[in-house]
Amino acid sequence: MPKKFKNRTALVHGGTRRSQYGELSEAVFLTQGFVYPTAEEAEQRFVKSGDDEFIYARYGNPTVRMFEERLSHYMGFEDGFACNSGMSAVSGALLALLKAGDHVVASRALFGSCLYVLEDILMRFGVSVTLIDGTDNAAWDAAISDETTLVFLESISNPTLEVIDLKHVCDVAHAHNALVLVDDAMATPVFSYAQDCGADLVIVSTTKHVDGQGRMLGGLIAGSKELIRGPIETYVKHTGGAMNPFTAWTHLKALETMELRVRAQAAAALQICEALTGHAKLSAVRYPTHAAHPQAEVAQGQSEAGGTVLAFEVKGGREACFRFLNALEVATISNNFADAKSIATHPATTTHQRLPQEQKDLLGISDGLVRFSVGLEDAEDIITDLLQALDKA
Ligand SMILES: *Cc1c(COP(=O)(O)O)cnc(C)c1O
């Protein structure tokens, strides 16, 4: 896509590859393999494949390539590698870049599976990991040293919506020649600021806002051509993490509407946050760019909106919180987020159930905490629903 077009246009046309049939909608190339006119050309393709030359779908596929280009360019990066889930992207990027003896600094408030990869898998292979409070700039300054190879964080944490001063972390990491890898699921590709702040690699679970309708699992690692077509591609293509072409095709179609959906959901999230703030049955309401968020200033300085999820704490602990959840009529009880359907999650008993109590306390995952993913329903219906359910808490 030539640079003169704006982002919304890039989401509709970016990366498009048309076959000889001139199809209007992107084609799904549901093929594992590719044929070569001659043995000599097959040999040549294995020596070096050109941009539009493919060998095997685990290495690359035209539909997947369209998706990689469309989303990574939209996010401001040179290239991307599409994976079969957000976690295969996270684990693929980490394992591609790290070796025994390396040191990683990460914020403690991480998605459970990311924490498992860092604490259990990487530690098992001799990588040392220092976990810190990511909201504390001084903690990053103290933990990152010349021994540090890589810094890993979620720009907005799940489920408590803590915000990290990403520019600061990138500057400190780069002063020590460490790479910065950002898990950007909560920030959304639309409001992501990771590239602006200087992150080297950004991972998105495309299961979330890219699909946006609760169907597909997927992930993308975006970064410079050098990293993506170097260590990242080499590792992921040989270990089997590639995205399948049908997922890439549904994602391409979903990207066409992503900005419209995510902007509407983010505007509704702020409106709902305002409607709930100060409610007698709630002890806290959080949305990153809302004035009452403890790090509102950092959040507002980094992005125009804080994603599509809010968090609030129902007074009266688990019993009151369950009464509230069970009284919801529009929102559904589930554990995903970024769906067209509003979703209420009780992290303490579901997504974060296995954490020991002291870790839940450290992360602020209380018995009254609700993570609320704002869907595409009418915001007034969502607010009415939340208020009537709070009455029953
Ligand atoms: C959902 C999520 C993941 C994992 O993505 P999957 O597509 O479910 O594998 C990783 N990190 C964060 C922050 C997430 O929200």
# chains A, B, ... in the order shown; residues from 1 in each chain; ligands from 1

call {"tool": "residues_around", "arguments": {"residues": "A:Ala57", "least_positions_apart": "5", "cutoff": "8 Å", "atoms": "only C-alpha atoms", "output": "PyMOL selection string"}}
result
chain A and resi 31-33+242+244

call {"tool": "write_last_selection", "arguments": {"atoms": "N, CA, C and O atoms", "output": "tab-separated table (two decimals), in the first residue's frame"}}
result
chain	number	residue	atom	x	y	z
A	31	THR	N	-4.39	-24.65	0.71
A	31	THR	CA	-3.45	-25.65	0.19
A	31	THR	C	-2.24	-25.75	1.11
A	31	THR	O	-1.75	-24.73	1.62
A	32	GLN	N	-1.77	-27.00	1.30
A	32	GLN	CA	-0.55	-27.19	2.09
A	32	GLN	C	0.68	-26.96	1.22
A	32	GLN	O	1.67	-26.41	1.65
A	33	GLY	N	0.58	-27.45	-0.06
A	33	GLY	CA	1.78	-27.47	-0.89
A	33	GLY	C	1.64	-26.61	-2.13
A	33	GLY	O	0.58	-26.03	-2.41
A	242	ALA	N	2.65	-22.01	12.66
A	242	ALA	CA	2.06	-21.14	11.64
A	242	ALA	C	0.53	-21.13	11.65
A	242	ALA	O	-0.10	-22.12	11.99
A	244	ASN	N	-3.23	-21.18	10.09
A	244	ASN	CA	-3.78	-21.89	8.93
A	244	ASN	C	-4.51	-20.90	8.00
A	244	ASN	O	-4.99	-19.86	8.44

call {"tool": "residues_near_ligand", "arguments": {"ligand": "ligand 1", "cutoff": "6 Å", "atoms": "only C-alpha atoms and all ligand atoms", "output": "list in words"}}
result
Ser85, Gly86, Met87, Phe111, Asp183, Ala185, Ser205, Thr207, Leu217, Gly218 and Gly219 of chain A

call {"tool": "write_last_selection", "arguments": {"atoms": "N, CA and C atoms", "output": "PDB file, in the first residue's frame"}}
result
ATOM      1  N   SER A  85      -2.075 -19.189  17.374  1.00  0.00           N
ATOM      2  CA  SER A  85      -2.761 -18.622  18.545  1.00  0.00           C
ATOM      3  C   SER A  85      -1.888 -17.505  19.093  1.00  0.00           C
ATOM      4  N   GLY A  86      -2.455 -16.714  19.987  1.00  0.00           N
ATOM      5  CA  GLY A  86      -1.664 -15.668  20.635  1.00  0.00           C
ATOM      6  C   GLY A  86      -0.504 -16.286  21.408  1.00  0.00           C
ATOM      7  N   MET A  87      -0.772 -17.413  22.075  1.00  0.00           N
ATOM      8  CA  MET A  87       0.290 -18.035  22.863  1.00  0.00           C
ATOM      9  C   MET A  87       1.377 -18.649  21.996  1.00  0.00           C
ATOM     10  N   PHE A 111      -0.679 -12.159  31.680  1.00  0.00           N
ATOM     11  CA  PHE A 111      -1.622 -13.220  31.321  1.00  0.00           C
ATOM     12  C   PHE A 111      -1.056 -14.547  31.851  1.00  0.00           C
ATOM     13  N   ASP A 183       3.332  -7.587  24.676  1.00  0.00           N
ATOM     14  CA  ASP A 183       2.103  -8.343  24.450  1.00  0.00           C
ATOM     15  C   ASP A 183       0.975  -7.314  24.489  1.00  0.00           C
ATOM     16  N   ALA A 185      -2.393  -7.326  23.611  1.00  0.00           N
ATOM     17  CA  ALA A 185      -3.785  -7.764  23.429  1.00  0.00           C
ATOM     18  C   ALA A 185      -4.792  -6.738  23.944  1.00  0.00           C
ATOM     19  N   SER A 205      -2.670 -11.178  20.219  1.00  0.00           N
ATOM     20  CA  SER A 205      -3.554 -12.327  20.125  1.00  0.00           C
ATOM     21  C   SER A 205      -4.687 -11.874  19.209  1.00  0.00           C
ATOM     22  N   THR A 207      -7.037 -13.527  18.253  1.00  0.00           N
ATOM     23  CA  THR A 207      -8.254 -14.120  18.824  1.00  0.00           C
ATOM     24  C   THR A 207      -9.167 -13.011  19.369  1.00  0.00           C
ATOM     25  N   LEU A 217      -8.914 -18.676  16.759  1.00  0.00           N
ATOM     26  CA  LEU A 217      -7.694 -18.447  17.532  1.00  0.00           C
ATOM     27  C   LEU A 217      -6.598 -18.023  16.563  1.00  0.00           C
ATOM     28  N   GLY A 218      -5.821 -17.019  16.945  1.00  0.00           N
ATOM     29  CA  GLY A 218      -4.703 -16.621  16.089  1.00  0.00           C
ATOM     30  C   GLY A 218      -3.798 -15.651  16.799  1.00  0.00           C
ATOM     31  N   GLY A 219      -2.614 -15.425  16.222  1.00  0.00           N
ATOM     32  CA  GLY A 219      -1.668 -14.466  16.789  1.00  0.00           C
ATOM     33  C   GLY A 219      -0.762 -13.909  15.711  1.00  0.00           C
TER      34      GLY A 219
END

call {"tool": "closest_atom_pairs", "arguments": {"of": "stretch 181-298 of chain A", "to": "stretch 370-387 of chain A", "cutoff": "8 Å", "atoms": "only C-alpha atoms", "output": "tab-separated table"}}
result
residue	atom	partner	partner_atom	distance
A:Arg261	CA	A:Leu376	CA	7.2
A:Ala264	CA	A:Leu376	CA	7.2
A:Gln265	CA	A:Val374	CA	5.9
A:Ala266	CA	A:Val374	CA	7.7
A:Ala268	CA	A:Ala379	CA	5.5
A:Ala269	CA	A:Val374	CA	5.9
A:Gln271	CA	A:Ala379	CA	7.6
A:Ile272	CA	A:Ile383	CA	6.1
A:Ala275	CA	A:Ile383	CA	7.2

call {"tool": "write_last_selection", "arguments": {"atoms": "N, CA and C atoms", "output": "PDB file, in the first residue's frame"}}
result
ATOM      1  N   ARG A 261     -15.518  -1.393  14.612  1.00  0.00           N
ATOM      2  CA  ARG A 261     -15.953  -2.145  15.790  1.00  0.00           C
ATOM      3  C   ARG A 261     -15.229  -1.650  17.040  1.00  0.00           C
ATOM      4  N   ALA A 264     -16.108   1.848  18.310  1.00  0.00           N
ATOM      5  CA  ALA A 264     -17.434   1.879  18.935  1.00  0.00           C
ATOM      6  C   ALA A 264     -17.381   1.235  20.321  1.00  0.00           C
ATOM      7  N   GLN A 265     -16.642   0.131  20.439  1.00  0.00           N
ATOM      8  CA  GLN A 265     -16.551  -0.558  21.734  1.00  0.00           C
ATOM      9  C   GLN A 265     -15.787   0.282  22.759  1.00  0.00           C
ATOM     10  N   ALA A 266     -14.721   0.968  22.300  1.00  0.00           N
ATOM     11  CA  ALA A 266     -13.931   1.798  23.226  1.00  0.00           C
ATOM     12  C   ALA A 266     -14.751   3.002  23.700  1.00  0.00           C
ATOM     13  N   ALA A 268     -17.968   3.117  23.984  1.00  0.00           N
ATOM     14  CA  ALA A 268     -18.964   2.587  24.919  1.00  0.00           C
ATOM     15  C   ALA A 268     -18.315   2.264  26.264  1.00  0.00           C
ATOM     16  N   ALA A 269     -17.075   1.743  26.235  1.00  0.00           N
ATOM     17  CA  ALA A 269     -16.382   1.386  27.488  1.00  0.00           C
ATOM     18  C   ALA A 269     -16.207   2.631  28.366  1.00  0.00           C
ATOM     19  N   GLN A 271     -18.000   5.393  28.229  1.00  0.00           N
ATOM     20  CA  GLN A 271     -19.353   5.813  28.646  1.00  0.00           C
ATOM     21  C   GLN A 271     -19.849   4.962  29.831  1.00  0.00           C
ATOM     22  N   ILE A 272     -19.588   3.657  29.767  1.00  0.00           N
ATOM     23  CA  ILE A 272     -20.016   2.758  30.847  1.00  0.00           C
ATOM     24  C   ILE A 272     -19.211   3.056  32.115  1.00  0.00           C
ATOM     25  N   ALA A 275     -20.668   5.987  33.743  1.00  0.00           N
ATOM     26  CA  ALA A 275     -21.970   5.682  34.351  1.00  0.00           C
ATOM     27  C   ALA A 275     -21.815   4.913  35.667  1.00  0.00           C
TER      28      ALA A 275
END

call {"tool": "closest_residue", "arguments": {"among": "A:Ala173, A:Leu369, A:Ala327, A:Val129", "to": "A:Ala393", "atoms": "only C-alpha atoms"}}
result
A:Ala327

call {"tool": "select_by_dssp", "arguments": {"residues": "stretch 153-191 of chain A", "states": "strand (DSSP E)", "output": "PyMOL selection string"}}
result
chain A and resi 153-154+179-183

call {"tool": "write_last_selection", "arguments": {"atoms": "all heavy atoms", "output": "PDB file, in the first residue's frame"}}
result
ATOM      1  N   LEU A 153       6.496  -7.355  28.467  1.00  0.00           N
ATOM      2  CA  LEU A 153       5.416  -6.751  29.263  1.00  0.00           C
ATOM      3  C   LEU A 153       4.110  -6.710  28.479  1.00  0.00           C
ATOM      4  O   LEU A 153       4.091  -6.830  27.259  1.00  0.00           O
ATOM      5  CB  LEU A 153       5.813  -5.326  29.665  1.00  0.00           C
ATOM      6  CG  LEU A 153       6.157  -4.367  28.514  1.00  0.00           C
ATOM      7  CD1 LEU A 153       4.948  -3.553  28.108  1.00  0.00           C
ATOM      8  CD2 LEU A 153       7.280  -3.439  28.933  1.00  0.00           C
ATOM      9  N   GLU A 154       3.017  -6.546  29.233  1.00  0.00           N
ATOM     10  CA  GLU A 154       1.731  -6.243  28.622  1.00  0.00           C
ATOM     11  C   GLU A 154       1.523  -4.740  28.783  1.00  0.00           C
ATOM     12  O   GLU A 154       1.585  -4.231  29.897  1.00  0.00           O
ATOM     13  CB  GLU A 154       0.603  -6.978  29.353  1.00  0.00           C
ATOM     14  CG  GLU A 154       0.484  -8.423  28.960  1.00  0.00           C
ATOM     15  CD  GLU A 154      -0.585  -9.149  29.759  1.00  0.00           C
ATOM     16  OE1 GLU A 154      -1.672  -8.584  29.990  1.00  0.00           O
ATOM     17  OE2 GLU A 154      -0.316 -10.287  30.168  1.00  0.00           O
ATOM     18  N   LEU A 179      16.215  -6.067  23.900  1.00  0.00           N
ATOM     19  CA  LEU A 179      15.047  -5.968  23.023  1.00  0.00           C
ATOM     20  C   LEU A 179      13.781  -5.815  23.869  1.00  0.00           C
ATOM     21  O   LEU A 179      13.689  -6.383  24.959  1.00  0.00           O
ATOM     22  CB  LEU A 179      14.893  -7.246  22.190  1.00  0.00           C
ATOM     23  CG  LEU A 179      15.868  -7.483  21.035  1.00  0.00           C
ATOM     24  CD1 LEU A 179      15.665  -8.885  20.478  1.00  0.00           C
ATOM     25  CD2 LEU A 179      15.657  -6.431  19.942  1.00  0.00           C
ATOM     26  N   VAL A 180      12.795  -5.071  23.351  1.00  0.00           N
ATOM     27  CA  VAL A 180      11.523  -4.926  24.059  1.00  0.00           C
ATOM     28  C   VAL A 180      10.422  -5.636  23.276  1.00  0.00           C
ATOM     29  O   VAL A 180      10.178  -5.349  22.109  1.00  0.00           O
ATOM     30  CB  VAL A 180      11.144  -3.448  24.248  1.00  0.00           C
ATOM     31  CG1 VAL A 180       9.801  -3.329  24.976  1.00  0.00           C
ATOM     32  CG2 VAL A 180      12.236  -2.708  25.018  1.00  0.00           C
ATOM     33  N   LEU A 181       9.780  -6.588  23.953  1.00  0.00           N
ATOM     34  CA  LEU A 181       8.715  -7.383  23.355  1.00  0.00           C
ATOM     35  C   LEU A 181       7.413  -7.071  24.106  1.00  0.00           C
ATOM     36  O   LEU A 181       7.348  -7.279  25.318  1.00  0.00           O
ATOM     37  CB  LEU A 181       9.103  -8.849  23.530  1.00  0.00           C
ATOM     38  CG  LEU A 181       8.617  -9.888  22.557  1.00  0.00           C
ATOM     39  CD1 LEU A 181       9.436 -11.147  22.730  1.00  0.00           C
ATOM     40  CD2 LEU A 181       7.171 -10.186  22.774  1.00  0.00           C
ATOM     41  N   VAL A 182       6.429  -6.560  23.401  1.00  0.00           N
ATOM     42  CA  VAL A 182       5.184  -6.139  24.055  1.00  0.00           C
ATOM     43  C   VAL A 182       4.034  -7.061  23.663  1.00  0.00           C
ATOM     44  O   VAL A 182       3.793  -7.302  22.482  1.00  0.00           O
ATOM     45  CB  VAL A 182       4.837  -4.680  23.658  1.00  0.00           C
ATOM     46  CG1 VAL A 182       3.471  -4.280  24.198  1.00  0.00           C
ATOM     47  CG2 VAL A 182       5.905  -3.715  24.170  1.00  0.00           C
ATOM     48  N   ASP A 183       3.332  -7.587  24.676  1.00  0.00           N
ATOM     49  CA  ASP A 183       2.103  -8.343  24.450  1.00  0.00           C
ATOM     50  C   ASP A 183       0.975  -7.314  24.489  1.00  0.00           C
ATOM     51  O   ASP A 183       0.651  -6.768  25.534  1.00  0.00           O
ATOM     52  CB  ASP A 183       1.955  -9.397  25.559  1.00  0.00           C
ATOM     53  CG  ASP A 183       0.692 -10.229  25.405  1.00  0.00           C
ATOM     54  OD1 ASP A 183      -0.223  -9.806  24.682  1.00  0.00           O
ATOM     55  OD2 ASP A 183       0.621 -11.296  26.045  1.00  0.00           O
TER      56      ASP A 183
END

call {"tool": "residues_around", "arguments": {"residues": "A:Asp52", "least_positions_apart": "5", "cutoff": "10 Å", "atoms": "only C-alpha atoms", "output": "tab-separated table (two decimals) with N, CA, C and O atoms, in the first residue's frame"}}
result
chain	number	residue	atom	x	y	z
A	17	ARG	N	-3.42	-9.74	-2.61
A	17	ARG	CA	-2.79	-10.43	-3.74
A	17	ARG	C	-3.90	-11.06	-4.57
A	17	ARG	O	-4.63	-11.89	-4.05
A	60	GLY	N	4.68	-20.68	4.93
A	60	GLY	CA	4.01	-19.50	4.41
A	60	GLY	C	2.96	-19.90	3.39
A	60	GLY	O	3.03	-21.00	2.82
A	61	ASN	N	1.99	-19.03	3.17
A	61	ASN	CA	0.85	-19.32	2.28
A	61	ASN	C	0.32	-17.96	1.80
A	61	ASN	O	0.35	-16.99	2.56
A	62	PRO	N	-0.16	-17.87	0.56
A	62	PRO	CA	-0.56	-16.54	0.05
A	62	PRO	C	-1.63	-15.85	0.89
A	62	PRO	O	-1.57	-14.63	1.09
A	65	ARG	N	0.00	-14.68	4.04
A	65	ARG	CA	0.90	-13.56	3.73
A	65	ARG	C	0.12	-12.24	3.60
A	65	ARG	O	0.57	-11.19	4.04

call {"tool": "residues_around", "arguments": {"residues": "stretch 141-149 of chain A", "least_positions_apart": "6", "cutoff": "6 Å", "atoms": "only C-alpha atoms", "output": "MDAnalysis selection string"}}
result
chainID A and resid 102:104 176 178

call {"tool": "write_last_selection", "arguments": {"atoms": "N, CA, C and O atoms", "output": "compact mmCIF listing (two decimals), in the first residue's frame"}}
result
# COMPACT_ATOMS: atom_id res chain seq x y z
N ASP A 102 20.68 -16.22 29.32
CA ASP A 102 20.10 -14.90 29.08
C ASP A 102 19.26 -14.44 30.27
O ASP A 102 18.79 -15.26 31.08
N HIS A 103 19.06 -13.13 30.36
CA HIS A 103 18.27 -12.55 31.44
C HIS A 103 17.09 -11.77 30.87
O HIS A 103 17.26 -10.95 29.97
N VAL A 104 15.89 -12.06 31.41
CA VAL A 104 14.67 -11.37 30.99
C VAL A 104 14.11 -10.58 32.16
O VAL A 104 14.08 -11.08 33.29
N HIS A 176 20.52 -0.34 27.40
CA HIS A 176 21.29 -1.53 27.78
C HIS A 176 21.29 -2.57 26.67
O HIS A 176 21.57 -3.76 26.91
N ALA A 178 18.91 -4.12 25.24
CA ALA A 178 17.95 -5.22 25.38
C ALA A 178 16.77 -4.98 24.42
O ALA A 178 16.39 -3.83 24.17

call {"tool": "select_by_dssp", "arguments": {"residues": "stretch 183-376 of chain A", "states": "helix (DSSP H, G or I)", "output": "number ranges by chain"}}
result
A: 188-191, 194-197, 225-239, 245-276, 296-302, 317-327, 347-349, 357-363
